[in-house]
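To be precise, the following lines are model17.txt, and they hold compact mmCIF, C-alpha atoms.
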# COMPACT_ATOMS: atom_id res chain seq x y z
CA MET A 1 129.55 12.31 86.95
CA THR A 2 127.23 15.32 87.29
CA THR A 3 130.25 17.59 86.87
CA ILE A 4 131.11 15.95 83.54
CA VAL A 5 127.47 16.38 82.50
CA PHE A 6 127.68 20.03 83.53
CA ILE A 7 130.79 20.53 81.39
CA ILE A 8 129.07 18.95 78.37
CA VAL A 9 125.95 21.10 78.97
CA LEU A 10 128.14 24.20 79.22
CA VAL A 11 130.01 23.30 76.05
CA ILE A 12 126.80 22.67 74.09
CA PHE A 13 125.17 25.81 75.51
CA ALA A 14 128.15 27.94 74.54
CA ALA A 15 128.14 26.47 71.03
CA ASN A 16 124.53 27.58 70.69
CA LEU A 17 125.11 31.22 71.58
CA HIS A 18 124.11 32.77 68.28
CA ASP A 19 126.23 35.85 68.72
CA ALA A 20 129.23 33.59 69.24
CA GLY A 21 129.08 32.63 65.58
CA ALA A 22 128.41 28.97 66.37
CA THR A 23 126.28 26.86 64.03
CA THR A 24 123.44 24.57 65.02
CA MET A 25 124.28 21.92 67.55
CA ASP A 26 126.26 19.03 66.16
CA PRO A 27 126.04 15.87 68.21
CA CYS A 28 129.64 15.04 67.36
CA LEU A 29 131.95 17.02 69.65
CA GLU A 30 134.86 16.76 67.22
CA SER A 31 133.18 18.89 64.56
CA MET A 32 131.81 21.50 67.02
CA LYS A 33 132.82 25.02 66.11
CA THR A 34 134.94 27.00 68.51
CA ALA A 35 133.61 30.00 70.42
CA SER A 36 134.20 33.52 69.19
CA LEU A 37 133.91 36.95 70.72
CA PRO A 38 130.41 38.31 70.08
CA ASP A 39 130.17 41.91 68.89
CA LEU A 40 129.03 44.47 71.40
CA PRO A 41 125.43 45.47 70.48
CA TYR A 42 126.29 49.19 70.94
CA ALA A 43 129.28 51.54 70.75
CA TYR A 44 131.98 51.39 73.42
CA ASP A 45 130.99 54.77 74.80
CA ALA A 46 127.24 54.12 74.66
CA LEU A 47 126.91 53.21 78.34
CA GLU A 48 128.51 56.41 79.63
CA PRO A 49 128.43 57.83 82.23
CA ALA A 50 127.44 54.67 84.09
CA ILE A 51 130.23 52.60 82.54
CA SER A 52 133.14 54.34 80.85
CA GLU A 53 134.34 53.69 77.30
CA GLU A 54 137.74 52.72 78.71
CA ILE A 55 136.19 49.95 80.79
CA MET A 56 134.00 48.70 77.94
CA ARG A 57 137.00 48.42 75.60
CA LEU A 58 139.16 46.60 78.13
CA HIS A 59 136.33 44.44 79.34
CA HIS A 60 135.21 43.31 75.88
CA GLN A 61 138.44 43.32 73.83
CA LYS A 62 140.78 42.06 76.53
CA HIS A 63 138.99 40.19 79.30
CA HIS A 64 136.18 38.57 77.32
CA GLN A 65 138.49 37.88 74.37
CA THR A 66 140.96 36.13 76.71
CA TYR A 67 138.20 33.89 78.07
CA VAL A 68 137.22 32.96 74.50
CA THR A 69 140.82 32.24 73.48
CA GLN A 70 141.60 30.16 76.58
CA TYR A 71 138.27 28.36 76.37
CA ASN A 72 138.97 27.30 72.77
CA LYS A 73 142.43 26.11 73.80
CA ALA A 74 140.92 24.06 76.60
CA LEU A 75 138.31 22.60 74.25
CA ASN A 76 141.04 21.54 71.85
CA SER A 77 142.85 19.83 74.69
CA LEU A 78 139.58 18.21 75.74
CA ARG A 79 139.02 16.86 72.22
CA SER A 80 142.49 15.26 72.22
CA ALA A 81 142.07 13.86 75.71
CA MET A 82 138.70 12.34 74.82
CA ALA A 83 140.07 10.92 71.57
CA ASP A 84 142.92 9.36 73.52
CA GLY A 85 140.58 8.06 76.21
CA ASP A 86 142.73 9.96 78.72
CA HIS A 87 140.13 10.27 81.46
CA SER A 88 142.52 11.87 83.97
CA ALA A 89 143.23 14.63 81.50
CA VAL A 90 139.51 15.06 80.78
CA VAL A 91 138.78 15.52 84.48
CA LYS A 92 141.81 17.77 84.97
CA LEU A 93 140.63 20.09 82.19
CA GLN A 94 137.31 20.74 83.97
CA SER A 95 138.52 23.73 85.95
CA LEU A 96 140.01 25.48 82.89
CA ILE A 97 136.80 24.90 80.95
CA LYS A 98 134.69 26.11 83.85
CA PHE A 99 136.81 29.25 84.35
CA ASN A 100 137.12 30.25 80.73
CA GLY A 101 133.90 28.79 79.34
CA GLY A 102 132.05 30.30 82.26
CA GLY A 103 133.77 33.63 81.56
CA HIS A 104 132.64 33.47 77.94
CA VAL A 105 129.06 32.44 78.76
CA ASN A 106 128.67 35.05 81.50
CA HIS A 107 130.05 37.94 79.48
CA ALA A 108 128.01 37.05 76.39
CA ILE A 109 124.90 37.44 78.56
CA PHE A 110 126.27 40.59 80.26
CA TRP A 111 126.55 42.62 77.03
CA LYS A 112 122.90 41.78 76.31
CA ILE A 113 121.60 42.79 79.72
CA LEU A 114 123.14 46.24 79.30
CA ALA A 115 121.74 48.86 76.93
CA PRO A 116 122.29 52.55 76.22
CA VAL A 117 119.72 54.83 77.80
CA HIS A 118 118.39 55.85 74.38
CA GLU A 119 117.80 52.16 73.59
CA GLY A 120 115.81 51.49 76.75
CA GLY A 121 118.63 51.06 79.26
CA GLY A 122 117.25 51.64 82.76
CA LYS A 123 113.60 51.50 81.64
CA PRO A 124 111.66 49.34 84.15
CA PRO A 125 110.47 45.90 82.95
CA HIS A 126 107.08 45.15 81.47
CA ASP A 127 104.71 42.45 82.70
CA PRO A 128 104.71 39.62 83.55
CA LEU A 129 108.20 40.21 85.01
CA SER A 130 107.20 43.46 86.64
CA SER A 131 104.40 41.85 88.66
CA ALA A 132 106.63 38.91 89.55
CA ILE A 133 109.24 41.31 90.93
CA ASP A 134 106.64 43.11 93.04
CA ALA A 135 105.31 39.79 94.30
CA HIS A 136 108.74 38.43 95.29
CA PHE A 137 110.60 41.55 96.38
CA GLY A 138 107.88 44.09 97.21
CA SER A 139 109.00 46.49 94.50
CA LEU A 140 111.64 47.05 91.83
CA GLU A 141 113.50 49.25 94.34
CA GLY A 142 113.42 46.39 96.83
CA LEU A 143 114.96 44.04 94.27
CA ILE A 144 117.66 46.54 93.33
CA GLN A 145 118.56 47.11 96.98
CA LYS A 146 118.86 43.37 97.56
CA MET A 147 121.02 42.81 94.48
CA ASN A 148 123.26 45.74 95.41
CA ALA A 149 123.71 44.42 98.95
CA GLU A 150 124.55 40.92 97.70
CA GLY A 151 126.80 42.25 94.96
CA ALA A 152 128.69 44.47 97.39
CA SER A 153 129.32 41.58 99.77
CA VAL A 154 130.81 39.18 97.19
CA GLN A 155 134.31 38.61 98.51
CA GLY A 156 136.89 38.41 95.76
CA SER A 157 135.53 38.01 92.24
CA GLY A 158 132.07 36.97 91.10
CA TRP A 159 128.63 37.90 89.85
CA VAL A 160 125.26 38.83 91.29
CA TRP A 161 122.19 37.49 89.47
CA LEU A 162 118.45 37.82 89.24
CA GLY A 163 117.33 34.37 88.21
CA LEU A 164 114.16 32.49 87.44
CA ASP A 165 113.83 29.18 89.22
CA ARG A 166 111.89 27.19 86.63
CA GLU A 167 111.23 24.34 89.04
CA LEU A 168 109.92 26.39 91.96
CA LYS A 169 108.45 29.01 89.61
CA ARG A 170 109.88 32.00 91.41
CA LEU A 171 112.52 34.71 91.17
CA VAL A 172 115.76 34.46 93.12
CA VAL A 173 118.79 36.62 93.79
CA GLU A 174 122.01 34.60 93.80
CA THR A 175 125.72 35.25 93.71
CA THR A 176 128.35 33.08 92.08
CA ALA A 177 132.11 33.06 92.62
CA ASN A 178 134.68 33.73 89.92
CA GLN A 179 133.19 32.81 86.52
CA ASP A 180 130.76 30.19 87.77
CA PRO A 181 127.58 30.61 85.69
CA LEU A 182 124.23 30.84 87.49
CA VAL A 183 123.49 27.24 86.49
CA THR A 184 126.11 26.09 89.02
CA LYS A 185 123.71 27.19 91.78
CA GLY A 186 120.94 25.01 90.30
CA THR A 187 120.39 23.50 86.86
CA HIS A 188 116.81 24.85 86.87
CA LEU A 189 117.99 28.48 87.25
CA VAL A 190 117.74 30.82 84.25
CA PRO A 191 119.66 34.12 84.35
CA LEU A 192 117.54 37.23 83.81
CA ILE A 193 120.01 39.90 84.99
CA GLY A 194 123.68 39.35 85.78
CA ILE A 195 126.07 42.00 87.08
CA ASP A 196 129.82 41.45 86.93
CA VAL A 197 131.45 42.43 90.25
CA TRP A 198 134.99 41.43 89.32
CA GLU A 199 137.16 44.48 89.96
CA HIS A 200 137.98 44.73 86.24
CA ALA A 201 134.28 45.56 85.64
CA TYR A 202 134.57 48.90 87.46
CA TYR A 203 138.08 49.69 88.70
CA PRO A 204 139.39 52.30 86.22
CA GLN A 205 136.30 54.43 86.82
CA TYR A 206 135.12 53.63 90.34
CA LYS A 207 138.33 52.31 91.95
CA ASN A 208 137.38 50.63 95.24
CA ALA A 209 133.83 52.08 95.23
CA ARG A 210 131.96 48.96 94.10
CA ALA A 211 128.77 50.17 95.78
CA GLU A 212 128.71 53.27 93.58
CA TYR A 213 129.20 51.15 90.43
CA LEU A 214 126.27 48.98 91.50
CA LYS A 215 124.12 52.04 92.16
CA ASN A 216 124.88 53.52 88.74
CA ILE A 217 124.68 50.41 86.58
CA TRP A 218 120.89 50.23 86.93
CA SER A 219 120.57 53.21 84.58
CA VAL A 220 121.85 51.00 81.75
CA ILE A 221 120.27 47.67 82.66
CA ASN A 222 118.34 46.23 79.72
CA TRP A 223 115.15 45.13 81.45
CA LYS A 224 113.65 44.23 78.07
CA TYR A 225 116.06 41.28 77.78
CA ALA A 226 115.12 40.06 81.27
CA ALA A 227 111.41 40.54 80.69
CA ASP A 228 111.51 38.72 77.35
CA VAL A 229 113.41 35.74 78.79
CA PHE A 230 111.05 35.63 81.76
CA GLU A 231 107.99 35.77 79.53
CA LYS A 232 109.28 32.99 77.27
CA HIS A 233 109.94 30.71 80.24
CA SER A 234 106.62 31.60 81.88
CA ARG A 235 104.86 30.51 78.70
CA ASP A 236 106.85 27.27 78.68
CA LEU A 237 106.01 26.68 82.34
CA ASP A 238 102.32 27.29 81.71
CA THR A 239 102.19 24.77 78.88
CA ASN A 240 103.97 22.05 80.94
CA MET B 1 150.44 25.49 113.99
CA ALA B 2 152.90 27.81 112.29
CA ALA B 3 153.60 31.09 114.07
CA SER B 4 153.15 34.33 112.20
CA ILE B 5 156.31 36.25 111.47
CA ALA B 6 157.19 39.92 111.58
CA VAL B 7 153.72 41.30 110.89
CA THR B 8 152.10 42.37 114.13
CA ALA B 9 149.07 44.15 112.69
CA ASN B 10 147.30 44.72 115.95
CA TYR B 11 144.35 46.07 113.98
CA VAL B 12 146.35 49.17 113.20
CA LEU B 13 146.84 50.34 109.63
CA GLN B 14 150.63 50.46 109.50
CA PRO B 15 151.99 52.56 106.63
CA PRO B 16 154.26 50.78 104.16
CA PRO B 17 157.97 51.05 105.10
CA TYR B 18 158.48 53.63 102.30
CA ALA B 19 156.68 56.68 100.91
CA LEU B 20 153.64 56.04 98.71
CA ASP B 21 155.54 57.27 95.63
CA ALA B 22 158.76 55.40 96.45
CA LEU B 23 157.99 52.38 94.25
CA GLU B 24 157.49 54.45 91.11
CA PRO B 25 157.63 53.86 88.20
CA HIS B 26 157.02 50.16 88.91
CA MET B 27 154.04 50.64 91.18
CA SER B 28 152.43 54.05 91.01
CA LYS B 29 151.70 56.41 93.86
CA GLN B 30 148.06 56.32 92.76
CA THR B 31 147.99 52.54 93.21
CA LEU B 32 149.46 52.83 96.72
CA GLU B 33 146.99 55.60 97.60
CA PHE B 34 144.06 53.37 96.70
CA HIS B 35 145.47 49.96 97.57
CA TRP B 36 146.86 50.97 100.96
CA GLY B 37 144.76 54.07 101.63
CA LYS B 38 141.38 52.58 100.71
CA HIS B 39 141.45 48.78 100.37
CA HIS B 40 143.85 47.92 103.19
CA ARG B 41 142.39 50.62 105.43
CA ALA B 42 138.88 49.24 104.89
CA TYR B 43 139.94 45.71 105.88
CA VAL B 44 141.42 47.05 109.14
CA ASP B 45 138.45 49.35 109.93
CA ASN B 46 135.88 46.70 109.10
CA LEU B 47 137.71 44.08 111.15
CA LYS B 48 137.63 46.35 114.20
CA LYS B 49 133.88 46.83 113.80
CA GLN B 50 133.33 43.15 113.18
CA VAL B 51 135.09 41.83 116.32
CA LEU B 52 133.74 44.53 118.63
CA GLY B 53 131.76 42.91 121.43
CA THR B 54 132.65 39.38 120.36
CA ASP B 55 135.09 36.93 121.93
CA LEU B 56 137.55 37.76 119.14
CA GLU B 57 137.90 41.34 120.35
CA GLY B 58 141.44 42.14 121.50
CA LYS B 59 142.86 38.81 120.34
CA PRO B 60 146.05 38.84 118.25
CA LEU B 61 145.46 38.96 114.53
CA ASP B 62 146.96 35.56 113.75
CA HIS B 63 144.71 34.02 116.41
CA ILE B 64 141.66 35.56 114.73
CA ILE B 65 142.84 34.36 111.32
CA ASN B 66 143.29 30.76 112.46
CA LYS B 67 140.02 30.71 114.43
CA THR B 68 137.91 32.16 111.65
CA TYR B 69 139.54 30.03 108.93
CA ASN B 70 137.72 27.25 110.74
CA ASN B 71 139.32 24.49 108.61
CA GLY B 72 138.09 26.07 105.39
CA ASP B 73 134.51 26.70 106.52
CA LEU B 74 135.18 30.43 106.78
CA LEU B 75 133.62 32.48 109.53
CA PRO B 76 132.59 36.10 108.80
CA ALA B 77 135.68 37.88 110.19
CA PHE B 78 138.17 35.76 108.21
CA ASN B 79 138.18 37.90 105.09
CA ASN B 80 138.95 41.18 106.86
CA ALA B 81 141.42 39.64 109.33
CA ALA B 82 143.40 37.71 106.74
CA GLN B 83 143.39 40.58 104.26
CA ALA B 84 144.64 43.00 106.95
CA TRP B 85 147.52 40.59 107.63
CA ASN B 86 148.18 39.83 103.96
CA HIS B 87 148.46 43.47 102.96
CA GLU B 88 150.89 44.46 105.68
CA PHE B 89 152.97 41.43 104.69
CA PHE B 90 152.75 42.51 101.03
CA TRP B 91 154.02 46.09 101.60
CA GLU B 92 156.93 44.67 103.58
CA SER B 93 157.67 42.21 100.75
CA MET B 94 158.63 45.13 98.52
CA LYS B 95 161.18 47.93 98.59
CA PRO B 96 162.31 50.74 96.29
CA ASN B 97 164.94 49.47 93.80
CA GLY B 98 164.15 45.91 94.77
CA GLY B 99 163.82 42.80 92.69
CA GLY B 100 166.38 40.74 90.84
CA LYS B 101 168.22 37.73 92.15
CA PRO B 102 168.89 37.13 95.85
CA SER B 103 172.29 36.04 97.14
CA GLY B 104 173.87 34.08 99.95
CA GLU B 105 171.95 31.49 101.90
CA LEU B 106 168.58 32.38 100.41
CA LEU B 107 169.87 31.83 96.87
CA ALA B 108 171.45 28.54 97.95
CA LEU B 109 168.14 27.34 99.38
CA LEU B 110 166.20 28.41 96.28
CA GLU B 111 168.70 26.51 94.16
CA ARG B 112 168.41 23.52 96.44
CA ASP B 113 164.61 23.37 96.42
CA PHE B 114 163.88 24.57 92.87
CA THR B 115 167.18 23.52 91.13
CA SER B 116 167.80 27.13 90.07
CA TYR B 117 166.63 30.69 90.71
CA GLU B 118 165.20 30.67 87.18
CA LYS B 119 163.08 27.61 87.98
CA PHE B 120 161.81 29.28 91.15
CA TYR B 121 161.01 32.42 89.13
CA GLU B 122 159.09 30.32 86.59
CA GLU B 123 157.11 28.53 89.28
CA PHE B 124 156.31 31.69 91.25
CA ASN B 125 155.34 33.45 88.04
CA ALA B 126 153.08 30.57 86.98
CA ALA B 127 151.37 30.45 90.37
CA ALA B 128 150.71 34.20 90.30
CA ALA B 129 149.51 34.10 86.70
CA THR B 130 147.20 31.11 87.07
CA GLN B 131 145.50 31.95 90.37
CA PHE B 132 142.03 32.40 88.88
CA GLY B 133 140.06 35.36 90.16
CA ALA B 134 141.33 37.06 93.29
CA GLY B 135 144.18 35.71 95.39
CA TRP B 136 147.88 35.63 96.19
CA ALA B 137 151.04 33.76 95.26
CA TRP B 138 153.59 32.96 97.96
CA LEU B 139 157.04 31.66 98.67
CA ALA B 140 156.60 29.65 101.86
CA TYR B 141 158.68 27.52 104.21
CA ALA B 142 157.61 24.26 105.82
CA ASN B 143 159.43 21.13 106.98
CA ASP B 144 162.77 22.73 106.13
CA LYS B 145 161.73 23.20 102.51
CA LEU B 146 160.88 26.21 100.37
CA LYS B 147 157.82 25.98 98.17
CA VAL B 148 155.58 28.10 95.97
CA VAL B 149 151.90 28.24 96.91
CA LYS B 150 148.91 30.05 95.40
CA THR B 151 145.80 30.88 97.39
CA PRO B 152 142.34 32.23 96.55
CA ASN B 153 140.82 35.42 97.92
CA ALA B 154 142.09 35.99 101.48
CA VAL B 155 143.61 32.59 102.23
CA ASN B 156 147.29 32.58 103.25
CA PRO B 157 149.91 29.93 104.14
CA LEU B 158 149.45 30.55 107.90
CA VAL B 159 146.22 28.59 107.80
CA LEU B 160 147.82 25.91 105.64
CA GLY B 161 150.54 25.24 108.21
CA SER B 162 153.52 26.95 106.59
CA PHE B 163 155.54 30.13 107.13
CA PRO B 164 154.96 32.80 104.50
CA LEU B 165 158.21 34.38 103.22
CA LEU B 166 157.14 36.43 100.20
CA THR B 167 153.86 37.35 98.58
CA ILE B 168 152.41 39.03 95.52
CA ASP B 169 148.82 40.30 95.59
CA VAL B 170 147.02 39.24 92.39
CA TRP B 171 143.61 40.70 93.19
CA GLU B 172 142.84 42.96 90.22
CA HIS B 173 142.91 46.06 92.46
CA ALA B 174 146.64 45.43 93.00
CA TYR B 175 147.56 46.02 89.37
CA TYR B 176 144.61 47.37 87.41
CA LEU B 177 145.50 51.09 87.56
CA ASP B 178 149.07 50.43 86.37
CA PHE B 179 148.69 47.37 84.16
CA GLN B 180 144.95 46.95 83.45
CA ASN B 181 144.38 43.32 82.39
CA ARG B 182 148.12 42.64 81.91
CA ARG B 183 148.77 40.59 85.02
CA PRO B 184 151.89 38.87 83.53
CA ASP B 185 153.56 42.29 83.08
CA TYR B 186 152.75 43.19 86.68
CA ILE B 187 154.25 39.93 87.97
CA LYS B 188 157.41 40.47 85.91
CA THR B 189 157.77 44.02 87.22
CA PHE B 190 157.28 42.81 90.78
CA MET B 191 159.97 40.14 90.41
CA ASN B 192 162.46 42.32 88.56
CA ASN B 193 161.99 45.61 90.40
CA LEU B 194 160.14 45.33 93.70
CA VAL B 195 160.90 42.19 95.75
CA SER B 196 162.71 42.86 99.03
CA TRP B 197 164.97 39.83 99.40
CA GLU B 198 166.17 41.30 102.72
CA ALA B 199 162.67 40.96 104.10
CA VAL B 200 162.44 37.42 102.74
CA SER B 201 165.78 36.45 104.34
CA ALA B 202 164.77 37.91 107.71
CA ARG B 203 161.49 36.00 107.58
CA LEU B 204 163.33 32.79 106.68
CA GLU B 205 165.59 33.18 109.71
CA ALA B 206 162.59 33.74 111.97
CA ALA B 207 160.81 30.76 110.41
CA LYS B 208 163.78 28.46 111.05
CA VAL B 209 163.95 29.58 114.68
CA ALA B 210 160.21 29.16 115.14
CA SER B 211 160.09 25.74 113.56
CA SER B 212 163.09 24.40 115.49
CA SER B 213 161.65 25.66 118.78
CA SER B 214 158.36 23.93 118.14
CA ALA B 215 160.03 20.74 116.92

Produce structure tokens that represent the structure in this file.
Amino acid sequence: MTTIVFIIVLVIFAANLHDAGATTMDPCLESMKTASLPDLPYAYDALEPAISEEIMRLHHQKHHQTYVTQYNKALNSLRSAMADGDHSAVVKLQSLIKFNGGGHVNHAIFWKILAPVHEGGGKPPHDPLSSAIDAHFGSLEGLIQKMNAEGASVQGSGWVWLGLDRELKRLVVETTANQDPLVTKGTHLVPLIGIDVWEHAYYPQYKNARAEYLKNIWSVINWKYAADVFEKHSRDLDTN
Amino acid sequence: MAASIAVTANYVLQPPPYALDALEPHMSKQTLEFHWGKHHRAYVDNLKKQVLGTDLEGKPLDHIINKTYNNGDLLPAFNNAAQAWNHEFFWESMKPNGGGKPSGELLALLERDFTSYEKFYEEFNAAAATQFGAGWAWLAYANDKLKVVKTPNAVNPLVLGSFPLLTIDVWEHAYYLDFQNRRPDYIKTFMNNLVSWEAVSARLEAAKVASSSSA
């Protein structure tokens, strides 16, 4: 049951990604708009030398686009299955929706947590996130080291995240497998920073040297996004 | 428990049974240099470090794989051990000017268990294409039947109780330099130009012997 709820949450969340071109949430699943590939907020070569133009083109135009296309296909199948009351088919579609919907959700966040150096990429976060990082990890360097260690040890494909646990009111570092979004590790977790450690995220440039990719990506991490999300949720937590 | 076949892999990085450029243009020398020279080498080196001073040290590789698979609740050395095994098996699954349709008994068995070679090709292709994330697709033998299996990350048919006969690596590092995101093209190239049906036949013979002796 909770898995079905998760799928619905994921579907509604994805429909609300503004960059995805979706309209306001419509309670009726049948008239929900499909997902679309969000534009990159910067040029394909803007993250060089940390991430090459070649990777950015492939990653955005091929990998992310494929997740969007396959996710929409799966949603269409889901609509038919639900209309037919074919509950086996609904359950069977879960993994396709999780893979491809998760891929879309994760990558839509990823483009936002990266920024060219001249647009603030790599610039350390402002408060209150900055103080929270020091409190939980000792220092920004301490956090980066921990995320790099966890990211390097993901076996196979996945992501490494800095998240805010809204329930426990603290920062966490988590990894997820394949395209599982951070929310699969806890529905109260909000992603602040996510780093793709699938091989496609770094292979043409770094080959097997994932650790070097992780070391270099921090120069284009958009801490402003993380700090803004953190601040917004801190305000919400304070007013609860 | 199924016995491992052919691959000894006594924590030694065996070179592929052909030069690193011998599979060109279907699989580039650059891919072999990284895939064998870096990825496979790292699995072997890291496994050696990992079992040093533990009760796994000096044990045969298939023993380590089965022990650390731990019925799916993977122990730390599983990834390196299984990947060391899988990669040696993978190099030996290919040959220069390979691919195409097998003949003789192997073809007869494929036709028996899949109705046609084309149906087998379709099923193997689908397994390789739909293994989400990192993993492998296999032709395997169990209970006197051939079947296609797909596995995630480092898992292989040994731990699932069947004899592996053929594999294709679908981790992105296996095809990204040559095919980028185009995994279907890589699979097609593997099937049409790289598969060593001789290796598959030899493994099938060994599997039949092993399964009749343990029957």

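Of the residues listed (B:Asp62, B:Asp55, B:Glu33, B:Glu118), B:Glu33 shows the shortest atom-to-atom separation from chain A; distances use all atoms listed in the file.
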
Expected answer as a PyMOL selection string: chain B residues within 12 Å of chain A, only C-alpha atoms
chain B and resi 30-31+33-43+74+76-80+83+130-136+151-155+170-183

By how many Å are atom CA of Thr167 of chain B and atom CA of Phe89 of chain B apart?
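Atom CA of Thr167 of chain B sits 7.4 Å away from atom CA of Phe89 of chain B.
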
Spatial neighbours of segment 12-18 of chain B, 8 Å, all atoms listed in the file, chain gap at least 4 places, as a ChimeraX atom specification
/B:22,36,40-41,44,88,91-92,95-96

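Take atom CA of Asn86 of chain B and atom CA of Asn66 of chain B: the distance between them is 13.4 Å.
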
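Going from atom CA of Ser131 of chain A to atom CA of Ala227 of chain A covers 10.7 Å.
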
At a cut-off of 10 Å, using all atoms listed in the file, what residues contact Trp223 of chain A? Leave out same-chain residues fewer than 5 positions from it and give the result as a PyMOL selection string.
chain A and resi 112-115+120-126+129-130+192-193+218+228-229

Output file for the selection above: C-alpha atoms, as a compact mmCIF listing (two decimals), keeping the file's coordinate frame:
# COMPACT_ATOMS: atom_id res chain seq x y z
CA LYS A 112 122.90 41.78 76.31
CA ILE A 113 121.60 42.79 79.72
CA LEU A 114 123.14 46.24 79.30
CA ALA A 115 121.74 48.86 76.93
CA GLY A 120 115.81 51.49 76.75
CA GLY A 121 118.63 51.06 79.26
CA GLY A 122 117.25 51.64 82.76
CA LYS A 123 113.60 51.50 81.64
CA PRO A 124 111.66 49.34 84.15
CA PRO A 125 110.47 45.90 82.95
CA HIS A 126 107.08 45.15 81.47
CA LEU A 129 108.20 40.21 85.01
CA SER A 130 107.20 43.46 86.64
CA LEU A 192 117.54 37.23 83.81
CA ILE A 193 120.01 39.90 84.99
CA TRP A 218 120.89 50.23 86.93
CA ASP A 228 111.51 38.72 77.35
CA VAL A 229 113.41 35.74 78.79

For Asp45 of chain A: contacts at 10 Å, all atoms listed in the file, fewer than 6 positions along chain excluded, given as a list in words
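Contacts, in chain order: Ile51, Ser52, Glu53, Glu54, Ile55, Met56, Arg57 and Pro116 of chain A.
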
Counting all atoms listed in the file, the option among A:Lys232, A:His118, A:Lys169, A:Arg210 closest to Leu47 of chain A:
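The shortest atom-to-atom distance to Leu47 of chain A comes from A:His118.
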
For His107 of chain A, the closest of A:Tyr213, A:Trp159, A:Tyr42, A:Phe230 counting only C-alpha atoms is A:Trp159

From the list A:Val172, A:Ile109, A:Ser88, A:Tyr67, the nearest residue to Pro41 of chain A using all atoms listed in the file is A:Ile109

Show which residues sit within 9 Å of Lys101 of chain B, as a PyMOL selection string. Count all atoms listed in the file, and ignore same-chain residues fewer than 5 positions away.
chain B and resi 107+117+191-192+197

If you count all atoms listed in the file, which residues fall within 7 Å of segment 160-168 of chain A, apart from same-chain ones fewer than 3 positions away, as an MDAnalysis selection string?
chainID A and resid 147 150:151 171:176 188:196

Can I get the selected residues back with C-alpha atoms, as a compact mmCIF listing (two decimals), keeping the file's coordinate frame?
# COMPACT_ATOMS: atom_id res chain seq x y z
CA MET A 147 121.02 42.81 94.48
CA GLU A 150 124.55 40.92 97.70
CA GLY A 151 126.80 42.25 94.96
CA LEU A 171 112.52 34.71 91.17
CA VAL A 172 115.76 34.46 93.12
CA VAL A 173 118.79 36.62 93.79
CA GLU A 174 122.01 34.60 93.80
CA THR A 175 125.72 35.25 93.71
CA THR A 176 128.35 33.08 92.08
CA HIS A 188 116.81 24.85 86.87
CA LEU A 189 117.99 28.48 87.25
CA VAL A 190 117.74 30.82 84.25
CA PRO A 191 119.66 34.12 84.35
CA LEU A 192 117.54 37.23 83.81
CA ILE A 193 120.01 39.90 84.99
CA GLY A 194 123.68 39.35 85.78
CA ILE A 195 126.07 42.00 87.08
CA ASP A 196 129.82 41.45 86.93

For Ala43 of chain A, which residue among A:Asp236, A:Ile217, A:Gln70, A:Glu119 is the nearest when counting only C-alpha atoms?
A:Glu119

List every protein, DNA or RNA residue with an atom no more than 8 Å from (165.9, 45.6, 98.6) in the file's coordinates, counting only C-alpha atoms, and format the result as a PyMOL selection string.
chain B and resi 94-99+194-199

Mind completing segment 94-103 of chain A with N, CA and C atoms? Output as an mmCIF file, in the coordinates of the input, please?
data_model
loop_
_atom_site.group_PDB
_atom_site.id
_atom_site.type_symbol
_atom_site.label_atom_id
_atom_site.label_comp_id
_atom_site.auth_asym_id
_atom_site.auth_seq_id
_atom_site.Cartn_x
_atom_site.Cartn_y
_atom_site.Cartn_z
ATOM 1 N N GLN A 94 138.587 20.160 83.526
ATOM 2 C CA GLN A 94 137.310 20.740 83.970
ATOM 3 C C GLN A 94 137.442 22.160 84.487
ATOM 4 N N SER A 95 138.469 22.404 85.322
ATOM 5 C CA SER A 95 138.520 23.730 85.950
ATOM 6 C C SER A 95 138.837 24.805 84.904
ATOM 7 N N LEU A 96 139.700 24.504 83.946
ATOM 8 C CA LEU A 96 140.010 25.480 82.890
ATOM 9 C C LEU A 96 138.774 25.776 82.040
ATOM 10 N N ILE A 97 138.004 24.716 81.757
ATOM 11 C CA ILE A 97 136.800 24.900 80.950
ATOM 12 C C ILE A 97 135.765 25.700 81.729
ATOM 13 N N LYS A 98 135.654 25.387 83.017
ATOM 14 C CA LYS A 98 134.690 26.110 83.850
ATOM 15 C C LYS A 98 135.077 27.579 83.972
ATOM 16 N N PHE A 99 136.375 27.851 84.211
ATOM 17 C CA PHE A 99 136.810 29.250 84.350
ATOM 18 C C PHE A 99 136.554 30.003 83.058
ATOM 19 N N ASN A 100 137.127 29.490 81.968
ATOM 20 C CA ASN A 100 137.120 30.250 80.730
ATOM 21 C C ASN A 100 135.812 30.141 79.977
ATOM 22 N N GLY A 101 135.218 28.950 79.964
ATOM 23 C CA GLY A 101 133.900 28.790 79.340
ATOM 24 C C GLY A 101 132.860 29.579 80.097
ATOM 25 N N GLY A 102 132.959 29.518 81.428
ATOM 26 C CA GLY A 102 132.050 30.300 82.260
ATOM 27 C C GLY A 102 132.228 31.790 81.988
ATOM 28 N N GLY A 103 133.481 32.224 81.861
ATOM 29 C CA GLY A 103 133.770 33.630 81.560
ATOM 30 C C GLY A 103 133.134 34.044 80.241
#
